[in-house]
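The file data39.pdb comes next; it holds PDB, C-alpha atoms, pLDDT in the B column.
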ATOM      1  CA  MET I  49     -57.921  84.185 -65.604  1.00 42.00           C
ATOM      2  CA  ALA I  50     -58.777  87.880 -65.908  1.00 42.00           C
ATOM      3  CA  ASP I  51     -62.251  86.952 -67.153  1.00 42.00           C
ATOM      4  CA  VAL I  52     -62.820  84.773 -64.095  1.00 43.00           C
ATOM      5  CA  LEU I  53     -61.776  87.594 -61.746  1.00 45.00           C
ATOM      6  CA  THR I  54     -63.922  90.135 -63.568  1.00 45.00           C
ATOM      7  CA  THR I  55     -66.933  87.848 -63.493  1.00 46.00           C
ATOM      8  CA  GLY I  56     -66.396  87.131 -59.793  1.00 49.00           C
ATOM      9  CA  ALA I  57     -66.058  90.841 -59.000  1.00 47.00           C
ATOM     10  CA  ASN I  58     -69.250  91.652 -60.916  1.00 49.00           C
ATOM     11  CA  GLU I  59     -71.164  88.986 -59.006  1.00 52.00           C
ATOM     12  CA  ILE I  60     -70.266  90.488 -55.647  1.00 47.00           C
ATOM     13  CA  ALA I  61     -70.196  94.205 -56.512  1.00 46.00           C
ATOM     14  CA  GLY I  62     -72.545  96.302 -54.425  1.00 72.00           C
ATOM     15  CA  HIS I  63     -73.519  93.369 -52.226  1.00 87.00           C
ATOM     16  CA  GLU I  64     -73.828  93.411 -48.469  1.00 95.00           C
ATOM     17  CA  TYR I  65     -71.512  91.250 -46.383  1.00 96.00           C
ATOM     18  CA  LEU I  66     -71.682  90.176 -42.777  1.00 97.00           C
ATOM     19  CA  ALA I  67     -68.262  90.885 -41.263  1.00 97.00           C
ATOM     20  CA  PHE I  68     -66.969  88.493 -38.598  1.00 97.00           C
ATOM     21  CA  THR I  69     -63.657  87.828 -36.902  1.00 95.00           C
ATOM     22  CA  LEU I  70     -61.565  84.722 -36.513  1.00 93.00           C
ATOM     23  CA  GLY I  71     -58.415  85.431 -34.556  1.00 89.00           C
ATOM     24  CA  ALA I  72     -56.893  88.689 -35.784  1.00 90.00           C
ATOM     25  CA  GLU I  73     -58.548  88.617 -39.220  1.00 91.00           C
ATOM     26  CA  GLU I  74     -61.866  89.899 -40.474  1.00 94.00           C
ATOM     27  CA  TYR I  75     -63.897  87.859 -42.922  1.00 95.00           C
ATOM     28  CA  GLY I  76     -67.046  88.574 -44.878  1.00 96.00           C
ATOM     29  CA  ILE I  77     -69.846  86.375 -46.206  1.00 96.00           C
ATOM     30  CA  ASP I  78     -72.840  87.246 -48.365  1.00 95.00           C
ATOM     31  CA  ILE I  79     -75.554  88.549 -46.024  1.00 96.00           C
ATOM     32  CA  LEU I  80     -78.211  86.783 -48.126  1.00 96.00           C
ATOM     33  CA  LYS I  81     -76.857  83.419 -46.901  1.00 96.00           C
ATOM     34  CA  VAL I  82     -77.364  84.400 -43.243  1.00 97.00           C
ATOM     35  CA  GLN I  83     -80.581  83.247 -41.620  1.00 97.00           C
ATOM     36  CA  GLU I  84     -79.832  84.474 -38.091  1.00 97.00           C
ATOM     37  CA  ILE I  85     -77.088  85.093 -35.542  1.00 97.00           C
ATOM     38  CA  ARG I  86     -77.173  83.373 -32.152  1.00 96.00           C
ATOM     39  CA  GLY I  87     -75.010  83.281 -29.053  1.00 95.00           C
ATOM     40  CA  TYR I  88     -72.820  80.204 -28.720  1.00 94.00           C
ATOM     41  CA  GLU I  89     -74.483  77.333 -26.914  1.00 91.00           C
ATOM     42  CA  VAL I  90     -73.275  73.876 -26.016  1.00 90.00           C
ATOM     43  CA  VAL I  91     -73.516  71.458 -28.925  1.00 95.00           C
ATOM     44  CA  THR I  92     -74.104  67.720 -28.976  1.00 96.00           C
ATOM     45  CA  ARG I  93     -70.985  65.964 -30.277  1.00 94.00           C
ATOM     46  CA  ILE I  94     -71.357  63.391 -33.037  1.00 92.00           C
ATOM     47  CA  ALA I  95     -69.044  60.362 -32.946  1.00 92.00           C
ATOM     48  CA  ASN I  96     -66.456  60.155 -35.742  1.00 91.00           C
ATOM     49  CA  ALA I  97     -67.259  63.655 -37.051  1.00 90.00           C
ATOM     50  CA  PRO I  98     -64.268  65.709 -38.243  1.00 91.00           C
ATOM     51  CA  GLU I  99     -62.732  67.877 -35.485  1.00 91.00           C
ATOM     52  CA  PHE I 100     -64.035  71.134 -37.013  1.00 92.00           C
ATOM     53  CA  ILE I 101     -67.636  69.880 -36.874  1.00 93.00           C
ATOM     54  CA  LYS I 102     -68.407  70.716 -33.255  1.00 94.00           C
ATOM     55  CA  GLY I 103     -71.646  68.745 -33.290  1.00 95.00           C
ATOM     56  CA  VAL I 104     -75.306  69.567 -33.736  1.00 96.00           C
ATOM     57  CA  ILE I 105     -77.875  71.870 -32.141  1.00 96.00           C
ATOM     58  CA  ASN I 106     -81.650  71.805 -32.104  1.00 95.00           C
ATOM     59  CA  LEU I 107     -82.871  74.995 -33.752  1.00 95.00           C
ATOM     60  CA  ARG I 108     -86.637  75.168 -33.275  1.00 94.00           C
ATOM     61  CA  GLY I 109     -87.047  71.480 -34.056  1.00 95.00           C
ATOM     62  CA  ILE I 110     -84.420  71.310 -36.828  1.00 94.00           C
ATOM     63  CA  ILE I 111     -81.174  69.497 -36.050  1.00 95.00           C
ATOM     64  CA  ILE I 112     -78.319  71.411 -37.693  1.00 95.00           C
ATOM     65  CA  PRO I 113     -74.578  70.705 -37.893  1.00 95.00           C
ATOM     66  CA  VAL I 114     -72.276  73.314 -36.352  1.00 96.00           C
ATOM     67  CA  VAL I 115     -68.854  73.996 -37.886  1.00 95.00           C
ATOM     68  CA  ASP I 116     -66.135  75.830 -35.915  1.00 95.00           C
ATOM     69  CA  MET I 117     -64.393  78.038 -38.484  1.00 93.00           C
ATOM     70  CA  ARG I 118     -61.365  78.678 -36.243  1.00 92.00           C
ATOM     71  CA  ILE I 119     -60.636  74.937 -36.251  1.00 91.00           C
ATOM     72  CA  LYS I 120     -61.507  74.604 -39.957  1.00 89.00           C
ATOM     73  CA  PHE I 121     -59.077  77.379 -40.942  1.00 87.00           C
ATOM     74  CA  LYS I 122     -56.435  76.129 -38.451  1.00 88.00           C
ATOM     75  CA  LEU I 123     -56.340  79.429 -36.546  1.00 88.00           C
ATOM     76  CA  GLY I 124     -55.462  78.056 -33.125  1.00 86.00           C
ATOM     77  CA  GLU I 125     -57.479  76.751 -30.230  1.00 88.00           C
ATOM     78  CA  PRO I 126     -60.974  78.263 -30.084  1.00 89.00           C
ATOM     79  CA  VAL I 127     -62.065  80.144 -26.983  1.00 90.00           C
ATOM     80  CA  TYR I 128     -65.782  80.311 -26.318  1.00 92.00           C
ATOM     81  CA  ASP I 129     -66.823  83.483 -24.501  1.00 93.00           C
ATOM     82  CA  GLN I 130     -69.630  86.061 -24.471  1.00 93.00           C
ATOM     83  CA  PHE I 131     -68.565  87.335 -27.929  1.00 92.00           C
ATOM     84  CA  THR I 132     -68.579  83.916 -29.618  1.00 96.00           C
ATOM     85  CA  VAL I 133     -71.529  83.554 -31.975  1.00 97.00           C
ATOM     86  CA  VAL I 134     -73.073  80.982 -34.257  1.00 97.00           C
ATOM     87  CA  ILE I 135     -74.048  82.328 -37.655  1.00 98.00           C
ATOM     88  CA  ILE I 136     -76.960  80.262 -38.932  1.00 97.00           C
ATOM     89  CA  LEU I 137     -76.603  79.890 -42.704  1.00 97.00           C
ATOM     90  CA  ASN I 138     -79.146  78.777 -45.271  1.00 95.00           C
ATOM     91  CA  ILE I 139     -77.190  77.264 -48.144  1.00 92.00           C
ATOM     92  CA  GLY I 140     -79.027  75.497 -50.916  1.00 86.00           C
ATOM     93  CA  GLY I 141     -82.015  74.873 -48.660  1.00 87.00           C
ATOM     94  CA  ARG I 142     -79.788  73.322 -45.983  1.00 91.00           C
ATOM     95  CA  VAL I 143     -79.296  75.011 -42.594  1.00 95.00           C
ATOM     96  CA  VAL I 144     -75.785  74.970 -41.113  1.00 96.00           C
ATOM     97  CA  GLY I 145     -74.302  76.727 -38.085  1.00 97.00           C
ATOM     98  CA  MET I 146     -70.898  78.408 -38.258  1.00 96.00           C
ATOM     99  CA  VAL I 147     -69.035  79.315 -35.037  1.00 97.00           C
ATOM    100  CA  VAL I 148     -66.964  82.525 -35.235  1.00 97.00           C
ATOM    101  CA  ASP I 149     -65.159  84.636 -32.621  1.00 96.00           C
ATOM    102  CA  SER I 150     -67.451  87.641 -33.086  1.00 96.00           C
ATOM    103  CA  VAL I 151     -69.611  89.511 -35.589  1.00 96.00           C
ATOM    104  CA  SER I 152     -68.899  93.183 -36.216  1.00 93.00           C
ATOM    105  CA  ASP I 153     -71.255  94.675 -38.812  1.00 94.00           C
ATOM    106  CA  VAL I 154     -72.918  94.458 -42.208  1.00 95.00           C
ATOM    107  CA  THR I 155     -70.947  96.240 -44.923  1.00 94.00           C
ATOM    108  CA  THR I 156     -71.848  97.141 -48.493  1.00 94.00           C
ATOM    109  CA  LEU I 157     -68.917  96.836 -50.870  1.00 93.00           C
ATOM    110  CA  THR I 158     -68.749  98.704 -54.158  1.00 91.00           C
ATOM    111  CA  PRO I 159     -66.769  97.470 -57.198  1.00 89.00           C
ATOM    112  CA  ASP I 160     -63.794  99.749 -56.439  1.00 90.00           C
ATOM    113  CA  GLN I 161     -63.517  98.244 -52.933  1.00 92.00           C
ATOM    114  CA  LEU I 162     -63.056  94.700 -54.299  1.00 90.00           C
ATOM    115  CA  LYS I 163     -59.686  93.157 -55.050  1.00 90.00           C
ATOM    116  CA  PRO I 164     -59.009  89.692 -56.451  1.00 88.00           C
ATOM    117  CA  ALA I 165     -57.655  87.047 -54.085  1.00 80.00           C
ATOM    118  CA  PRO I 166     -53.845  86.984 -54.273  1.00 75.00           C
ATOM    119  CA  GLU I 167     -52.078  83.987 -55.772  1.00 71.00           C
ATOM    120  CA  MET I 168     -50.210  82.411 -52.873  1.00 61.00           C
ATOM    121  CA  GLY I 169     -49.125  79.062 -54.278  1.00 53.00           C
ATOM    122  CA  THR I 170     -49.718  75.996 -52.164  1.00 45.00           C
ATOM    123  CA  ALA I 171     -48.934  77.653 -48.813  1.00 45.00           C
ATOM    124  CA  PHE I 172     -52.458  79.041 -48.510  1.00 51.00           C
ATOM    125  CA  SER I 173     -55.554  77.883 -50.337  1.00 60.00           C
ATOM    126  CA  THR I 174     -57.519  80.699 -51.936  1.00 73.00           C
ATOM    127  CA  GLU I 175     -60.031  78.144 -53.223  1.00 79.00           C
ATOM    128  CA  TYR I 176     -62.757  79.451 -50.903  1.00 85.00           C
ATOM    129  CA  MET I 177     -61.906  83.135 -51.242  1.00 88.00           C
ATOM    130  CA  ILE I 178     -63.944  85.375 -53.507  1.00 89.00           C
ATOM    131  CA  GLY I 179     -61.491  88.219 -53.007  1.00 92.00           C
ATOM    132  CA  LEU I 180     -60.636  91.001 -50.599  1.00 93.00           C
ATOM    133  CA  GLY I 181     -62.861  93.894 -49.628  1.00 94.00           C
ATOM    134  CA  THR I 182     -61.170  97.115 -48.560  1.00 92.00           C
ATOM    135  CA  ILE I 183     -62.970  99.639 -46.380  1.00 89.00           C
ATOM    136  CA  ASP I 184     -60.632 102.492 -45.388  1.00 87.00           C
ATOM    137  CA  ALA I 185     -57.959 100.770 -43.259  1.00 87.00           C
ATOM    138  CA  ARG I 186     -60.003  97.543 -42.898  1.00 91.00           C
ATOM    139  CA  MET I 187     -59.615  94.504 -45.106  1.00 93.00           C
ATOM    140  CA  LEU I 188     -62.263  91.784 -45.281  1.00 94.00           C
ATOM    141  CA  ILE I 189     -61.386  88.339 -46.578  1.00 93.00           C
ATOM    142  CA  LEU I 190     -64.487  87.481 -48.621  1.00 94.00           C
ATOM    143  CA  VAL I 191     -65.396  83.810 -48.298  1.00 93.00           C
ATOM    144  CA  ASP I 192     -67.391  81.814 -50.849  1.00 93.00           C
ATOM    145  CA  ILE I 193     -69.480  80.183 -48.130  1.00 93.00           C
ATOM    146  CA  ASP I 194     -71.498  78.046 -50.590  1.00 92.00           C
ATOM    147  CA  ARG I 195     -68.341  76.487 -52.006  1.00 90.00           C
ATOM    148  CA  LEU I 196     -66.762  76.036 -48.569  1.00 90.00           C
ATOM    149  CA  MET I 197     -69.779  74.353 -46.977  1.00 89.00           C
ATOM    150  CA  ALA I 198     -70.338  72.112 -50.012  1.00 86.00           C
ATOM    151  CA  SER I 199     -66.669  71.062 -50.235  1.00 82.00           C
ATOM    152  CA  PRO I 200     -65.939  67.337 -49.855  1.00 80.00           C
ATOM    153  CA  GLU I 201     -63.713  67.784 -46.758  1.00 76.00           C
ATOM    154  CA  MET I 202     -66.594  69.387 -44.860  1.00 75.00           C
ATOM    155  CA  GLY I 203     -68.430  66.077 -45.007  1.00 68.00           C
ATOM    156  CA  LEU I 204     -71.703  67.952 -45.449  1.00 65.00           C
ATOM    157  CA  ASN I 205     -71.717  67.818 -49.247  1.00 51.00           C
ATOM    158  CA  ASP I 206     -74.168  64.938 -49.609  1.00 48.00           C
ATOM    159  CA  LYS I 207     -76.669  66.749 -47.427  1.00 44.00           C
ATOM    160  CA  LEU I 208     -76.019  70.174 -48.981  1.00 41.00           C
ATOM    161  CA  ALA I 209     -76.410  68.815 -52.507  1.00 38.00           C
ATOM    162  CA  ALA I 210     -79.884  67.524 -51.675  1.00 36.00           C
TER     163      ALA I 210
END
Would you mind writing the file's structure down as structure tokens?
Amino acid sequence: MADVLTTGANEIAGHEYLAFTLGAEEYGIDILKVQEIRGYEVVTRIANAPEFIKGVINLRGIIIPVVDMRIKFKLGEPVYDQFTVVIILNIGGRVVGMVVDSVSDVTTLTPDQLKPAPEMGTAFSTEYMIGLGTIDARMLILVDIDRLMASPEMGLNDKLAA
């Protein structure tokens, strides 16, 4: 287990992360996965899609699925306001939109600012967490966005694998 944590920490050391909020928590994803950040716009719903898949948008001629992370992480009812943004991700050649409450900044984390994800049993899944990034009094929950978006429950895995 220690080898896995060390390897994971080495992979993310000194990388830049886009920090965003969902509810009261701050999360971070690898900035290299981010294609662009857009204001929230109305999406076209798709019948029988999981609740957390808000629908699709037309991004310069490309139809992309939009996932609401507040619904996905079961963080209460989403509120769409002037701070709500869609982070456009490019994962494995596939473009996906991710709705978050707001984006704060881009942060570079050094190895001493990285902590392994805590073991929390079955109450909370750390399957999609890389670890925790600490910046002074701030703590970023680092999300393995590739693994999350390619997970079977997202329903995007067939398309993302292509």
For Gly103 of chain I, which residue among I:Pro200, I:Pro166, I:Gly62, I:Gly145 is the nearest when counting only C-alpha atoms?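 Checking each of I:Pro200, I:Pro166, I:Gly62, I:Gly145 against Gly103 of chain I, counting only C-alpha atoms, the winner is I:Gly145.
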Quick one: residues within 8 Å of Ile94 of chain I, all atoms listed in the file counted, chain neighbours fewer than 3 positions away excluded, as a ChimeraX atom specification? /I:97,102-104
Using all atoms listed in the file, determine which residues lie at most 12 Å from Thr156 of chain I, disregarding the query and same-chain residues fewer than 5 positions distant; provide the list as a ChimeraX atom specification. /I:60-67,76-79,161-162,181-183,188
So the first atom is atom CA of Leu80 of chain I and the second is atom CA of Gln130 of chain I; what is the distance between them in Å, to one decimal place? 25.2 Å
Rounded to one decimal place, report the atom CA of Asn138 of chain I-atom CA of Tyr75 of chain I distance in Å.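 Answer for the atom CA of Asn138 of chain I to atom CA of Tyr75 of chain I separation: 17.9 Å.
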Neighbour residues at most 10 Å from (-75.5, 90.0, -24.9) (all atoms listed in the file) as number ranges by chain: I: 86-87, 130-131
So the first atom is atom CA of Val144 of chain I and the second is atom CA of Leu70 of chain I; what is the distance between them in Å, to one decimal place?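 For atom CA of Val144 of chain I relative to atom CA of Leu70 of chain I, the distance reads 17.8 Å.
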Of the listed residues I:Val115, I:Leu157, I:Tyr176, I:Ala95, that which approaches Ile193 of chain I most closely, counting only C-alpha atoms: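 Checking each candidate against Ile193 of chain I, we get I:Tyr176 as the closest.
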Residues matched by the PyMOL selection byres ((chain I and resi 105-107) around 9), written as a list in words: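 This file, filtered by the PyMOL selection byres ((chain I and resi 105-107) around 9), leaves Glu89, Val90, Val91, Thr92, Gly103, Val104, Arg108, Gly109, Ile110, Ile111, Ile112, Pro113, Val114 and Gly145 of chain I.
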Can you tell me, as an MDAnalysis selection string, what residues are no more than 8 Å from Ile135 of chain I when counting only C-alpha atoms, ignoring any on the same chain fewer than 4 positions away? chainID I and resid 82:86 145:148
Which residue gives the smallest distance to Thr69 of chain I among I:Ile101, I:Val151, I:Ile119, I:Ile139, with all atoms listed in the file counted?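 Checking each candidate against Thr69 of chain I, we get I:Val151 as the closest.
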